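File shown here: run-v2.csv, holding CSV, C-alpha atoms.
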```csv
chain,number,residue,atom,x,y,z
H,1,MET,CA,-20.2,-9.4,-16.3
H,2,SER,CA,-23.2,-11.3,-17.6
H,3,ASP,CA,-21.0,-14.1,-19.0
H,4,ALA,CA,-21.3,-17.4,-17.3
H,5,TRP,CA,-20.1,-21.0,-17.9
H,6,ILE,CA,-21.0,-24.3,-16.5
H,7,ILE,CA,-18.5,-26.7,-14.8
H,8,HIS,CA,-19.0,-30.3,-14.0
H,9,PRO,CA,-17.0,-32.5,-11.6
H,10,ILE,CA,-14.7,-35.1,-13.2
H,11,GLY,CA,-14.5,-36.9,-9.8
H,12,TRP,CA,-14.4,-36.5,-6.0
H,13,VAL,CA,-12.0,-36.5,-3.1
H,14,HIS,CA,-12.2,-39.4,-0.6
H,15,ASN,CA,-10.5,-39.2,2.7
H,16,ASP,CA,-11.2,-39.3,6.5
H,17,VAL,CA,-11.5,-35.6,6.9
H,18,PRO,CA,-15.1,-34.3,7.2
H,19,GLY,CA,-14.2,-30.6,7.6
H,20,LEU,CA,-11.7,-27.8,7.1
H,21,ASP,CA,-9.3,-28.5,10.0
H,22,ALA,CA,-6.6,-31.1,9.7
H,23,HIS,CA,-2.9,-31.6,9.6
H,24,TRP,CA,-3.3,-31.9,5.9
H,25,GLU,CA,0.3,-33.0,5.2
H,26,ASP,CA,-0.5,-36.2,7.1
H,27,VAL,CA,-3.7,-36.9,5.2
H,28,THR,CA,-3.7,-39.5,2.4
H,29,SER,CA,-6.6,-39.0,-0.1
H,30,GLN,CA,-8.0,-40.9,-3.0
H,31,ILE,CA,-9.1,-38.9,-6.0
H,32,VAL,CA,-11.8,-41.1,-7.6
H,33,LEU,CA,-12.7,-40.0,-11.2
H,34,ASP,CA,-15.7,-41.0,-13.1
H,35,GLU,CA,-14.7,-44.3,-14.7
H,36,ALA,CA,-15.2,-42.9,-18.1
H,37,TRP,CA,-12.2,-40.7,-17.6
H,38,ALA,CA,-9.8,-43.5,-16.6
H,39,PRO,CA,-7.9,-43.6,-19.9
H,40,ALA,CA,-7.4,-39.8,-19.7
H,41,LEU,CA,-5.1,-40.5,-16.7
H,42,ASP,CA,-2.6,-42.6,-18.8
H,43,GLY,CA,0.9,-41.2,-18.4
H,44,LEU,CA,0.1,-39.0,-15.4
H,45,ASP,CA,2.1,-41.3,-13.1
H,46,GLU,CA,5.3,-40.4,-14.9
H,47,PHE,CA,5.0,-37.2,-12.9
H,48,SER,CA,5.9,-37.1,-9.2
H,49,HIS,CA,3.5,-34.2,-8.5
H,50,ILE,CA,0.2,-33.1,-9.8
H,51,ILE,CA,-2.0,-30.0,-9.7
H,52,VAL,CA,-5.5,-30.6,-8.3
H,53,LEU,CA,-8.2,-28.1,-9.1
H,54,THR,CA,-11.4,-28.5,-7.0
H,55,TRP,CA,-14.7,-26.7,-6.4
H,56,LEU,CA,-15.0,-25.5,-2.9
H,57,HIS,CA,-18.7,-26.1,-3.0
H,58,GLU,CA,-19.4,-25.6,0.7
H,59,GLN,CA,-18.3,-22.0,0.8
H,60,PRO,CA,-20.9,-19.3,0.5
H,61,PRO,CA,-20.2,-17.1,-2.6
H,62,ARG,CA,-18.0,-14.1,-2.1
H,63,THR,CA,-19.3,-10.7,-3.4
H,64,PRO,CA,-17.4,-7.5,-4.0
H,65,ASP,CA,-18.9,-5.9,-0.8
H,66,GLU,CA,-16.5,-8.1,1.2
H,67,PRO,CA,-13.2,-7.7,-0.5
H,68,HIS,CA,-10.8,-8.1,2.4
H,69,THR,CA,-9.9,-11.0,4.7
H,70,HIS,CA,-7.5,-11.9,7.5
H,71,PRO,CA,-5.2,-14.7,6.2
H,72,GLN,CA,-6.5,-18.0,7.7
H,73,GLY,CA,-9.0,-16.0,9.8
H,74,ARG,CA,-6.1,-14.7,12.0
H,75,LEU,CA,-7.2,-11.3,13.4
H,76,ASP,CA,-3.6,-10.6,14.4
H,77,LEU,CA,-2.5,-10.6,10.8
H,78,PRO,CA,-3.3,-7.7,8.5
H,79,ALA,CA,-6.6,-7.9,6.5
H,80,VAL,CA,-5.7,-7.9,2.8
H,81,GLY,CA,-7.5,-8.4,-0.5
H,82,LEU,CA,-9.0,-11.8,-0.9
H,83,PHE,CA,-6.9,-12.4,-4.1
H,84,ALA,CA,-3.7,-11.9,-2.0
H,85,THR,CA,-4.7,-14.9,0.1
H,86,ARG,CA,-5.7,-18.5,-0.5
H,87,THR,CA,-9.0,-18.2,1.3
H,88,PRO,CA,-11.6,-20.8,0.1
H,89,ARG,CA,-14.2,-18.0,0.0
H,90,ARG,CA,-13.7,-16.6,-3.5
H,91,PRO,CA,-15.8,-15.2,-6.3
H,92,ASN,CA,-15.2,-18.5,-8.1
H,93,PRO,CA,-14.4,-20.9,-5.3
H,94,ILE,CA,-11.7,-22.9,-7.2
H,95,GLY,CA,-9.2,-24.6,-5.0
H,96,MET,CA,-5.7,-25.4,-6.3
H,97,THR,CA,-3.2,-27.6,-4.5
H,98,VAL,CA,0.1,-29.3,-5.6
H,99,VAL,CA,0.5,-32.8,-4.2
H,100,PRO,CA,2.7,-35.8,-4.6
H,101,LEU,CA,1.1,-38.5,-6.7
H,102,LEU,CA,1.6,-41.8,-4.8
H,103,ALA,CA,-0.2,-44.2,-7.1
H,104,ARG,CA,-2.7,-44.5,-9.9
H,105,THR,CA,-4.9,-47.5,-10.4
H,106,GLY,CA,-7.4,-47.2,-13.2
H,107,HIS,CA,-9.6,-44.2,-12.4
H,108,VAL,CA,-8.3,-43.8,-8.8
H,109,LEU,CA,-5.3,-41.7,-7.8
H,110,THR,CA,-3.7,-41.7,-4.3
H,111,VAL,CA,-2.2,-38.4,-3.2
H,112,GLN,CA,-0.6,-37.1,0.0
H,113,GLY,CA,-1.4,-33.8,1.7
H,114,LEU,CA,-4.4,-32.7,-0.4
H,115,ASP,CA,-6.0,-30.0,1.8
H,116,MET,CA,-9.6,-30.8,0.7
H,117,ALA,CA,-12.3,-32.4,2.8
H,118,ASP,CA,-14.0,-35.7,2.0
H,119,GLY,CA,-16.5,-35.2,-0.8
H,120,THR,CA,-14.9,-32.2,-2.5
H,121,PRO,CA,-15.6,-32.2,-6.2
H,122,VAL,CA,-12.6,-32.3,-8.5
H,123,LEU,CA,-12.6,-30.1,-11.7
H,124,ASP,CA,-9.2,-30.8,-13.3
H,125,LEU,CA,-5.8,-32.5,-12.9
H,126,LYS,CA,-2.6,-31.3,-14.4
H,127,PRO,CA,1.0,-32.5,-14.4
H,128,TYR,CA,3.4,-30.3,-12.3
H,129,LEU,CA,6.1,-28.9,-14.7
H,130,ALA,CA,9.4,-27.6,-13.3
H,131,ARG,CA,9.4,-25.1,-16.2
H,132,GLY,CA,6.5,-22.8,-15.5
H,133,ASP,CA,5.2,-24.0,-12.2
H,134,ARG,CA,8.4,-23.9,-10.1
H,135,ILE,CA,9.5,-20.4,-9.1
H,136,ASN,CA,12.8,-20.6,-7.2
H,137,GLN,CA,12.9,-17.4,-5.2
H,138,PRO,CA,9.4,-15.9,-5.0
H,139,ARG,CA,9.0,-12.7,-3.0
H,140,MET,CA,6.1,-13.0,-0.6
H,141,ALA,CA,4.1,-10.9,1.9
H,142,ASP,CA,5.6,-10.7,5.4
H,143,TRP,CA,2.5,-12.3,6.9
H,144,THR,CA,3.3,-15.6,5.2
H,145,ARG,CA,6.5,-16.0,7.2
H,146,GLN,CA,4.6,-15.4,10.4
H,147,LEU,CA,2.0,-18.0,9.5
H,148,TRP,CA,4.5,-20.6,8.7
H,149,ALA,CA,6.8,-20.1,11.6
H,150,GLU,CA,3.8,-20.6,13.9
H,151,ALA,CA,2.5,-23.6,11.9
H,152,ASP,CA,5.9,-25.2,12.3
H,153,GLN,CA,5.9,-24.7,16.0
H,154,ASP,CA,2.4,-26.1,16.4
H,155,HIS,CA,3.3,-29.2,14.4
H,156,ALA,CA,6.7,-29.8,16.1
X,1,MET,CA,-22.2,-36.8,-12.6
X,2,SER,CA,-25.3,-34.6,-12.8
X,3,ASP,CA,-23.7,-31.9,-10.5
X,4,ALA,CA,-23.0,-28.6,-12.2
X,5,TRP,CA,-21.9,-25.2,-11.0
X,6,ILE,CA,-21.8,-21.8,-12.6
X,7,ILE,CA,-18.7,-19.7,-12.9
X,8,HIS,CA,-18.4,-16.0,-13.9
X,9,PRO,CA,-15.4,-14.0,-15.0
X,10,ILE,CA,-13.8,-11.6,-12.6
X,11,GLY,CA,-12.0,-9.9,-15.5
X,12,TRP,CA,-10.3,-10.4,-18.8
X,13,VAL,CA,-6.8,-10.7,-20.3
X,14,HIS,CA,-5.7,-7.8,-22.6
X,15,ASN,CA,-2.7,-8.1,-24.9
X,16,ASP,CA,-1.6,-8.0,-28.6
X,17,VAL,CA,-2.0,-11.8,-29.2
X,18,PRO,CA,-5.2,-12.8,-31.0
X,19,GLY,CA,-4.5,-16.5,-31.1
X,20,LEU,CA,-2.7,-19.4,-29.6
X,21,ASP,CA,0.8,-19.0,-31.1
X,22,ALA,CA,3.3,-16.6,-29.6
X,23,HIS,CA,6.6,-16.5,-27.8
X,24,TRP,CA,4.6,-16.1,-24.7
X,25,GLU,CA,7.6,-15.3,-22.5
X,26,ASP,CA,8.0,-12.0,-24.4
X,27,VAL,CA,4.3,-11.0,-24.1
X,28,THR,CA,3.2,-8.4,-21.5
X,29,SER,CA,-0.4,-8.6,-20.6
X,30,GLN,CA,-2.9,-6.6,-18.6
X,31,ILE,CA,-5.4,-8.4,-16.4
X,32,VAL,CA,-8.3,-6.0,-16.2
X,33,LEU,CA,-10.7,-6.9,-13.4
X,34,ASP,CA,-14.2,-5.7,-13.0
X,35,GLU,CA,-13.8,-2.4,-11.1
X,36,ALA,CA,-15.8,-3.7,-8.2
X,37,TRP,CA,-13.1,-6.2,-7.4
X,38,ALA,CA,-10.3,-3.6,-7.2
X,39,PRO,CA,-10.1,-3.6,-3.3
X,40,ALA,CA,-9.8,-7.4,-3.4
X,41,LEU,CA,-6.3,-7.0,-5.0
X,42,ASP,CA,-4.9,-5.1,-2.0
X,43,GLY,CA,-1.7,-6.7,-0.9
X,44,LEU,CA,-1.3,-8.9,-3.9
X,45,ASP,CA,1.7,-6.8,-5.1
X,46,GLU,CA,3.7,-7.9,-2.0
X,47,PHE,CA,4.1,-11.2,-4.0
X,48,SER,CA,6.5,-11.4,-6.9
X,49,HIS,CA,4.4,-14.1,-8.7
X,50,ILE,CA,0.8,-14.9,-9.0
X,51,ILE,CA,-1.3,-17.9,-10.2
X,52,VAL,CA,-3.8,-17.0,-12.9
X,53,LEU,CA,-6.8,-19.2,-13.5
X,54,THR,CA,-8.6,-18.6,-16.8
X,55,TRP,CA,-11.5,-20.1,-18.8
X,56,LEU,CA,-10.3,-21.3,-22.1
X,57,HIS,CA,-13.6,-20.4,-23.7
X,58,GLU,CA,-12.7,-20.9,-27.3
X,59,GLN,CA,-11.9,-24.6,-26.9
X,60,PRO,CA,-14.5,-27.1,-27.9
X,61,PRO,CA,-15.5,-29.3,-24.9
X,62,ARG,CA,-13.6,-32.5,-24.4
X,63,THR,CA,-15.6,-35.7,-23.9
X,64,PRO,CA,-14.4,-39.1,-22.6
X,65,ASP,CA,-14.4,-40.6,-26.1
X,66,GLU,CA,-11.3,-38.6,-26.8
X,67,PRO,CA,-9.1,-39.3,-23.8
X,68,HIS,CA,-5.6,-39.2,-25.3
X,69,THR,CA,-3.6,-36.4,-26.9
X,70,HIS,CA,-0.2,-35.7,-28.3
X,71,PRO,CA,1.6,-33.1,-26.1
X,72,GLN,CA,1.3,-29.8,-28.0
X,73,GLY,CA,-0.1,-31.6,-31.0
X,74,ARG,CA,3.3,-33.1,-31.7
X,75,LEU,CA,2.7,-36.4,-33.5
X,76,ASP,CA,6.4,-37.4,-32.9
X,77,LEU,CA,5.7,-37.4,-29.1
X,78,PRO,CA,3.7,-40.3,-27.5
X,79,ALA,CA,0.0,-39.8,-27.1
X,80,VAL,CA,-0.9,-39.7,-23.4
X,81,GLY,CA,-4.0,-39.1,-21.3
X,82,LEU,CA,-5.2,-35.5,-21.5
X,83,PHE,CA,-4.7,-35.1,-17.7
X,84,ALA,CA,-1.0,-35.9,-18.2
X,85,THR,CA,-0.7,-32.8,-20.4
X,86,ARG,CA,-1.5,-29.1,-20.2
X,87,THR,CA,-3.7,-29.2,-23.4
X,88,PRO,CA,-6.3,-26.4,-23.3
X,89,ARG,CA,-8.9,-29.0,-24.5
X,90,ARG,CA,-10.1,-30.3,-21.2
X,91,PRO,CA,-13.4,-31.4,-19.6
X,92,ASN,CA,-13.4,-28.2,-17.7
X,93,PRO,CA,-11.2,-25.9,-19.8
X,94,ILE,CA,-9.5,-24.1,-16.9
X,95,GLY,CA,-6.1,-22.7,-17.7
X,96,MET,CA,-3.5,-22.2,-15.0
X,97,THR,CA,-0.3,-20.2,-15.4
X,98,VAL,CA,2.2,-18.8,-12.9
X,99,VAL,CA,3.5,-15.4,-13.9
X,100,PRO,CA,5.6,-12.5,-12.5
X,101,LEU,CA,3.4,-9.6,-11.3
X,102,LEU,CA,5.0,-6.4,-12.7
X,103,ALA,CA,2.6,-3.9,-11.4
X,104,ARG,CA,-0.9,-3.3,-9.9
X,105,THR,CA,-2.8,-0.1,-10.5
X,106,GLY,CA,-6.3,-0.1,-9.1
X,107,HIS,CA,-8.2,-2.9,-10.8
X,108,VAL,CA,-5.4,-3.6,-13.4
X,109,LEU,CA,-2.5,-6.0,-13.1
X,110,THR,CA,0.5,-6.1,-15.5
X,111,VAL,CA,2.1,-9.5,-15.9
X,112,GLN,CA,4.8,-11.0,-18.0
X,113,GLY,CA,4.6,-14.2,-20.0
X,114,LEU,CA,0.9,-15.1,-19.5
X,115,ASP,CA,0.2,-17.7,-22.2
X,116,MET,CA,-3.4,-16.6,-22.8
X,117,ALA,CA,-4.9,-14.8,-25.9
X,118,ASP,CA,-6.4,-11.4,-25.8
X,119,GLY,CA,-10.0,-11.6,-24.4
X,120,THR,CA,-9.5,-14.7,-22.3
X,121,PRO,CA,-11.8,-14.6,-19.2
X,122,VAL,CA,-10.1,-14.7,-15.8
X,123,LEU,CA,-11.7,-16.8,-13.1
X,124,ASP,CA,-9.4,-16.4,-10.1
X,125,LEU,CA,-6.0,-15.0,-8.9
X,126,LYS,CA,-3.9,-16.4,-6.1
X,127,PRO,CA,-0.6,-15.5,-4.6
X,128,TYR,CA,2.3,-17.9,-5.4
X,129,LEU,CA,3.5,-19.5,-2.2
X,130,ALA,CA,7.0,-21.1,-1.9
X,131,ARG,CA,5.5,-23.5,0.6
X,132,GLY,CA,3.1,-25.6,-1.3
X,133,ASP,CA,3.5,-24.3,-4.9
X,134,ARG,CA,7.2,-24.8,-5.3
X,135,ILE,CA,8.4,-28.4,-5.8
X,136,ASN,CA,12.2,-28.4,-5.9
X,137,GLN,CA,12.9,-31.7,-7.8
X,138,PRO,CA,9.7,-32.9,-9.5
X,139,ARG,CA,10.0,-36.0,-11.6
X,140,MET,CA,8.5,-35.6,-15.1
X,141,ALA,CA,7.7,-37.6,-18.2
X,142,ASP,CA,10.5,-38.0,-20.6
X,143,TRP,CA,8.6,-36.1,-23.4
X,144,THR,CA,8.8,-32.9,-21.4
X,145,ARG,CA,12.5,-32.7,-21.7
X,146,GLN,CA,12.3,-33.3,-25.5
X,147,LEU,CA,9.8,-30.5,-25.9
X,148,TRP,CA,11.8,-28.1,-23.9
X,149,ALA,CA,15.1,-28.9,-25.6
X,150,GLU,CA,13.6,-28.1,-28.9
X,151,ALA,CA,11.8,-25.0,-27.7
X,152,ASP,CA,15.1,-23.6,-26.4
X,153,GLN,CA,16.7,-24.3,-29.8
X,154,ASP,CA,13.8,-22.6,-31.7
X,155,HIS,CA,14.0,-19.5,-29.5
X,156,ALA,CA,17.8,-19.2,-29.5
```
Represent the structure from my file as structure tokens, please.
Amino acid sequence: MSDAWIIHPIGWVHNDVPGLDAHWEDVTSQIVLDEAWAPALDGLDEFSHIIVLTWLHEQPPRTPDEPHTHPQGRLDLPAVGLFATRTPRRPNPIGMTVVPLLARTGHVLTVQGLDMADGTPVLDLKPYLARGDRINQPRMADWTRQLWAEADQDHA
Amino acid sequence: MSDAWIIHPIGWVHNDVPGLDAHWEDVTSQIVLDEAWAPALDGLDEFSHIIVLTWLHEQPPRTPDEPHTHPQGRLDLPAVGLFATRTPRRPNPIGMTVVPLLARTGHVLTVQGLDMADGTPVLDLKPYLARGDRINQPRMADWTRQLWAEADQDHA
């Protein structure tokens, strides 16, 4: 496991959220790319949704001696392997979120509901494709339903 | 843009496909993690589908002086910005594919239809969540329909 590669940001997230807690679905963010990459966005706005890959740079690195985690830090939910969760504390802290693309102007994208704090580095953007990215009836762990039922109640 | 971070593989793809061309949907792959990460997979098999992030290490790096690309190299389709496509030649060559998880045994996962050649480094694994990852009616560029109609014909 001595292989290693270097990644660079292509841009940054801009919004009003300094930390990790927000009703993210209500947050509008700008993704501001390096201006040199502006032409590489041509045609992206023909897609309603995009996949945003980010570097969760404020997370301490995760090592194999800490393999388990409680989903969203909830001690009432079972601890499971970190790869069975979307915890930001990962061996390679790459965040991945699908969001609606509201607008593109030059090197700036406006998106809704991106669950990333202000200043988060962006690594890649991809178009969301129905064929491949959409799974109609995924089976999921029981704890996901418990999380979501309570999230809906909190937000109601 | 002087920021840079280091990523390490957590494991590797094993299959019978040496290169980039295959009927990927027919390919069964093993994802073999470093054994130290085996406990971090606990609970992942409660999900029917997983998101696999890889490092497309055999691709030459993409620079801003080459922002456009023909989807899947097809000169009859319009050239668009690289971020509007899933080309493996990206500034950070991170691959992302959603696949059914067939089995997990210790540090080894068996998946179907992963479009990654034998030996591809794996960076991260995430559970596929209906809420967030599934978009029911995404709008997409016209060229995607043209690609898929012909792919269906070729594979029929």
Could you please tell me, as a PDB file with C-alpha atoms, in the frame of the given file, which residues of chain X have an atom within 8 Å of chain H when using only C-alpha atoms?
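Okay, this is what ended up in result-v2.pdb:
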```pdb
ATOM      1  CA  MET X   1     -22.200 -36.800 -12.600  1.00  0.00           C
ATOM      2  CA  SER X   2     -25.300 -34.600 -12.800  1.00  0.00           C
ATOM      3  CA  ASP X   3     -23.700 -31.900 -10.500  1.00  0.00           C
ATOM      4  CA  ALA X   4     -23.000 -28.600 -12.200  1.00  0.00           C
ATOM      5  CA  TRP X   5     -21.900 -25.200 -11.000  1.00  0.00           C
ATOM      6  CA  ILE X   6     -21.800 -21.800 -12.600  1.00  0.00           C
ATOM      7  CA  ILE X   7     -18.700 -19.700 -12.900  1.00  0.00           C
ATOM      8  CA  HIS X   8     -18.400 -16.000 -13.900  1.00  0.00           C
ATOM      9  CA  PRO X   9     -15.400 -14.000 -15.000  1.00  0.00           C
ATOM     10  CA  ILE X  10     -13.800 -11.600 -12.600  1.00  0.00           C
ATOM     11  CA  ASP X  34     -14.200  -5.700 -13.000  1.00  0.00           C
ATOM     12  CA  ALA X  36     -15.800  -3.700  -8.200  1.00  0.00           C
ATOM     13  CA  TRP X  37     -13.100  -6.200  -7.400  1.00  0.00           C
ATOM     14  CA  PRO X  39     -10.100  -3.600  -3.300  1.00  0.00           C
ATOM     15  CA  ALA X  40      -9.800  -7.400  -3.400  1.00  0.00           C
ATOM     16  CA  LEU X  41      -6.300  -7.000  -5.000  1.00  0.00           C
ATOM     17  CA  ASP X  42      -4.900  -5.100  -2.000  1.00  0.00           C
ATOM     18  CA  GLY X  43      -1.700  -6.700  -0.900  1.00  0.00           C
ATOM     19  CA  LEU X  44      -1.300  -8.900  -3.900  1.00  0.00           C
ATOM     20  CA  GLU X  46       3.700  -7.900  -2.000  1.00  0.00           C
ATOM     21  CA  PHE X  47       4.100 -11.200  -4.000  1.00  0.00           C
ATOM     22  CA  SER X  48       6.500 -11.400  -6.900  1.00  0.00           C
ATOM     23  CA  HIS X  49       4.400 -14.100  -8.700  1.00  0.00           C
ATOM     24  CA  PRO X  64     -14.400 -39.100 -22.600  1.00  0.00           C
ATOM     25  CA  PRO X  67      -9.100 -39.300 -23.800  1.00  0.00           C
ATOM     26  CA  HIS X  68      -5.600 -39.200 -25.300  1.00  0.00           C
ATOM     27  CA  VAL X  80      -0.900 -39.700 -23.400  1.00  0.00           C
ATOM     28  CA  GLY X  81      -4.000 -39.100 -21.300  1.00  0.00           C
ATOM     29  CA  LEU X  82      -5.200 -35.500 -21.500  1.00  0.00           C
ATOM     30  CA  PHE X  83      -4.700 -35.100 -17.700  1.00  0.00           C
ATOM     31  CA  ALA X  84      -1.000 -35.900 -18.200  1.00  0.00           C
ATOM     32  CA  THR X  85      -0.700 -32.800 -20.400  1.00  0.00           C
ATOM     33  CA  ARG X  86      -1.500 -29.100 -20.200  1.00  0.00           C
ATOM     34  CA  ARG X  90     -10.100 -30.300 -21.200  1.00  0.00           C
ATOM     35  CA  PRO X  91     -13.400 -31.400 -19.600  1.00  0.00           C
ATOM     36  CA  ASN X  92     -13.400 -28.200 -17.700  1.00  0.00           C
ATOM     37  CA  ILE X  94      -9.500 -24.100 -16.900  1.00  0.00           C
ATOM     38  CA  THR X  97      -0.300 -20.200 -15.400  1.00  0.00           C
ATOM     39  CA  VAL X  98       2.200 -18.800 -12.900  1.00  0.00           C
ATOM     40  CA  LEU X 123     -11.700 -16.800 -13.100  1.00  0.00           C
ATOM     41  CA  ASP X 124      -9.400 -16.400 -10.100  1.00  0.00           C
ATOM     42  CA  LEU X 125      -6.000 -15.000  -8.900  1.00  0.00           C
ATOM     43  CA  LYS X 126      -3.900 -16.400  -6.100  1.00  0.00           C
ATOM     44  CA  PRO X 127      -0.600 -15.500  -4.600  1.00  0.00           C
ATOM     45  CA  TYR X 128       2.300 -17.900  -5.400  1.00  0.00           C
ATOM     46  CA  LEU X 129       3.500 -19.500  -2.200  1.00  0.00           C
ATOM     47  CA  ALA X 130       7.000 -21.100  -1.900  1.00  0.00           C
ATOM     48  CA  GLY X 132       3.100 -25.600  -1.300  1.00  0.00           C
ATOM     49  CA  ASP X 133       3.500 -24.300  -4.900  1.00  0.00           C
ATOM     50  CA  ARG X 134       7.200 -24.800  -5.300  1.00  0.00           C
ATOM     51  CA  ILE X 135       8.400 -28.400  -5.800  1.00  0.00           C
ATOM     52  CA  ASN X 136      12.200 -28.400  -5.900  1.00  0.00           C
ATOM     53  CA  GLN X 137      12.900 -31.700  -7.800  1.00  0.00           C
ATOM     54  CA  PRO X 138       9.700 -32.900  -9.500  1.00  0.00           C
ATOM     55  CA  ARG X 139      10.000 -36.000 -11.600  1.00  0.00           C
ATOM     56  CA  MET X 140       8.500 -35.600 -15.100  1.00  0.00           C
ATOM     57  CA  ALA X 141       7.700 -37.600 -18.200  1.00  0.00           C
TER      58      ALA X 141
END
```
Inset, instruction - Mind checking which residues fall within 7 Å of region 110-112 of chain H, counting all atoms listed in the file, ignoring those fewer than 6 positions away in the same chain, and posting them as a ChimeraX atom specification? - result: /H:25,27-31,99-104
Take the residues just selected and output them with C-alpha atoms as a PDB file, in the coordinates of the input.
```pdb
ATOM      1  CA  GLU H  25       0.300 -33.000   5.200  1.00  0.00           C
ATOM      2  CA  VAL H  27      -3.700 -36.900   5.200  1.00  0.00           C
ATOM      3  CA  THR H  28      -3.700 -39.500   2.400  1.00  0.00           C
ATOM      4  CA  SER H  29      -6.600 -39.000  -0.100  1.00  0.00           C
ATOM      5  CA  GLN H  30      -8.000 -40.900  -3.000  1.00  0.00           C
ATOM      6  CA  ILE H  31      -9.100 -38.900  -6.000  1.00  0.00           C
ATOM      7  CA  VAL H  99       0.500 -32.800  -4.200  1.00  0.00           C
ATOM      8  CA  PRO H 100       2.700 -35.800  -4.600  1.00  0.00           C
ATOM      9  CA  LEU H 101       1.100 -38.500  -6.700  1.00  0.00           C
ATOM     10  CA  LEU H 102       1.600 -41.800  -4.800  1.00  0.00           C
ATOM     11  CA  ALA H 103      -0.200 -44.200  -7.100  1.00  0.00           C
ATOM     12  CA  ARG H 104      -2.700 -44.500  -9.900  1.00  0.00           C
TER      13      ARG H 104
END
```
Inset, instruction - Work out how far CA of Leu147 (chain H) is from CA of Pro71 (chain H), in Å to one decimal. - result: 8.6 Å
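Computed from the coordinates, the CA of Leu33 (chain X) to CA of Gly106 (chain X) distance equals 9.2 Å.
Summary of the local environment: counting all atoms listed in the file, residues at most 6 Å from Asp118 (chain X), other than itself and those fewer than 3 positions away along its chain, are Val13, His14, Asn15, Val17 and Pro18 of chain X.
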Hey, what's within 9 Å of Leu77 (chain H) if we count all atoms listed in the file and toss same-chain stuff fewer than 4 positions away? As a tab-separated table (two decimals) with C-alpha atoms, keeping the file's coordinate frame, please?
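And here is the file that came out, selection12.tsv:
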```tsv
chain	number	residue	atom	x	y	z
H	70	HIS	CA	-7.50	-11.90	7.50
H	71	PRO	CA	-5.20	-14.70	6.20
H	72	GLN	CA	-6.50	-18.00	7.70
H	73	GLY	CA	-9.00	-16.00	9.80
H	143	TRP	CA	2.50	-12.30	6.90
H	146	GLN	CA	4.60	-15.40	10.40
H	147	LEU	CA	2.00	-18.00	9.50
```
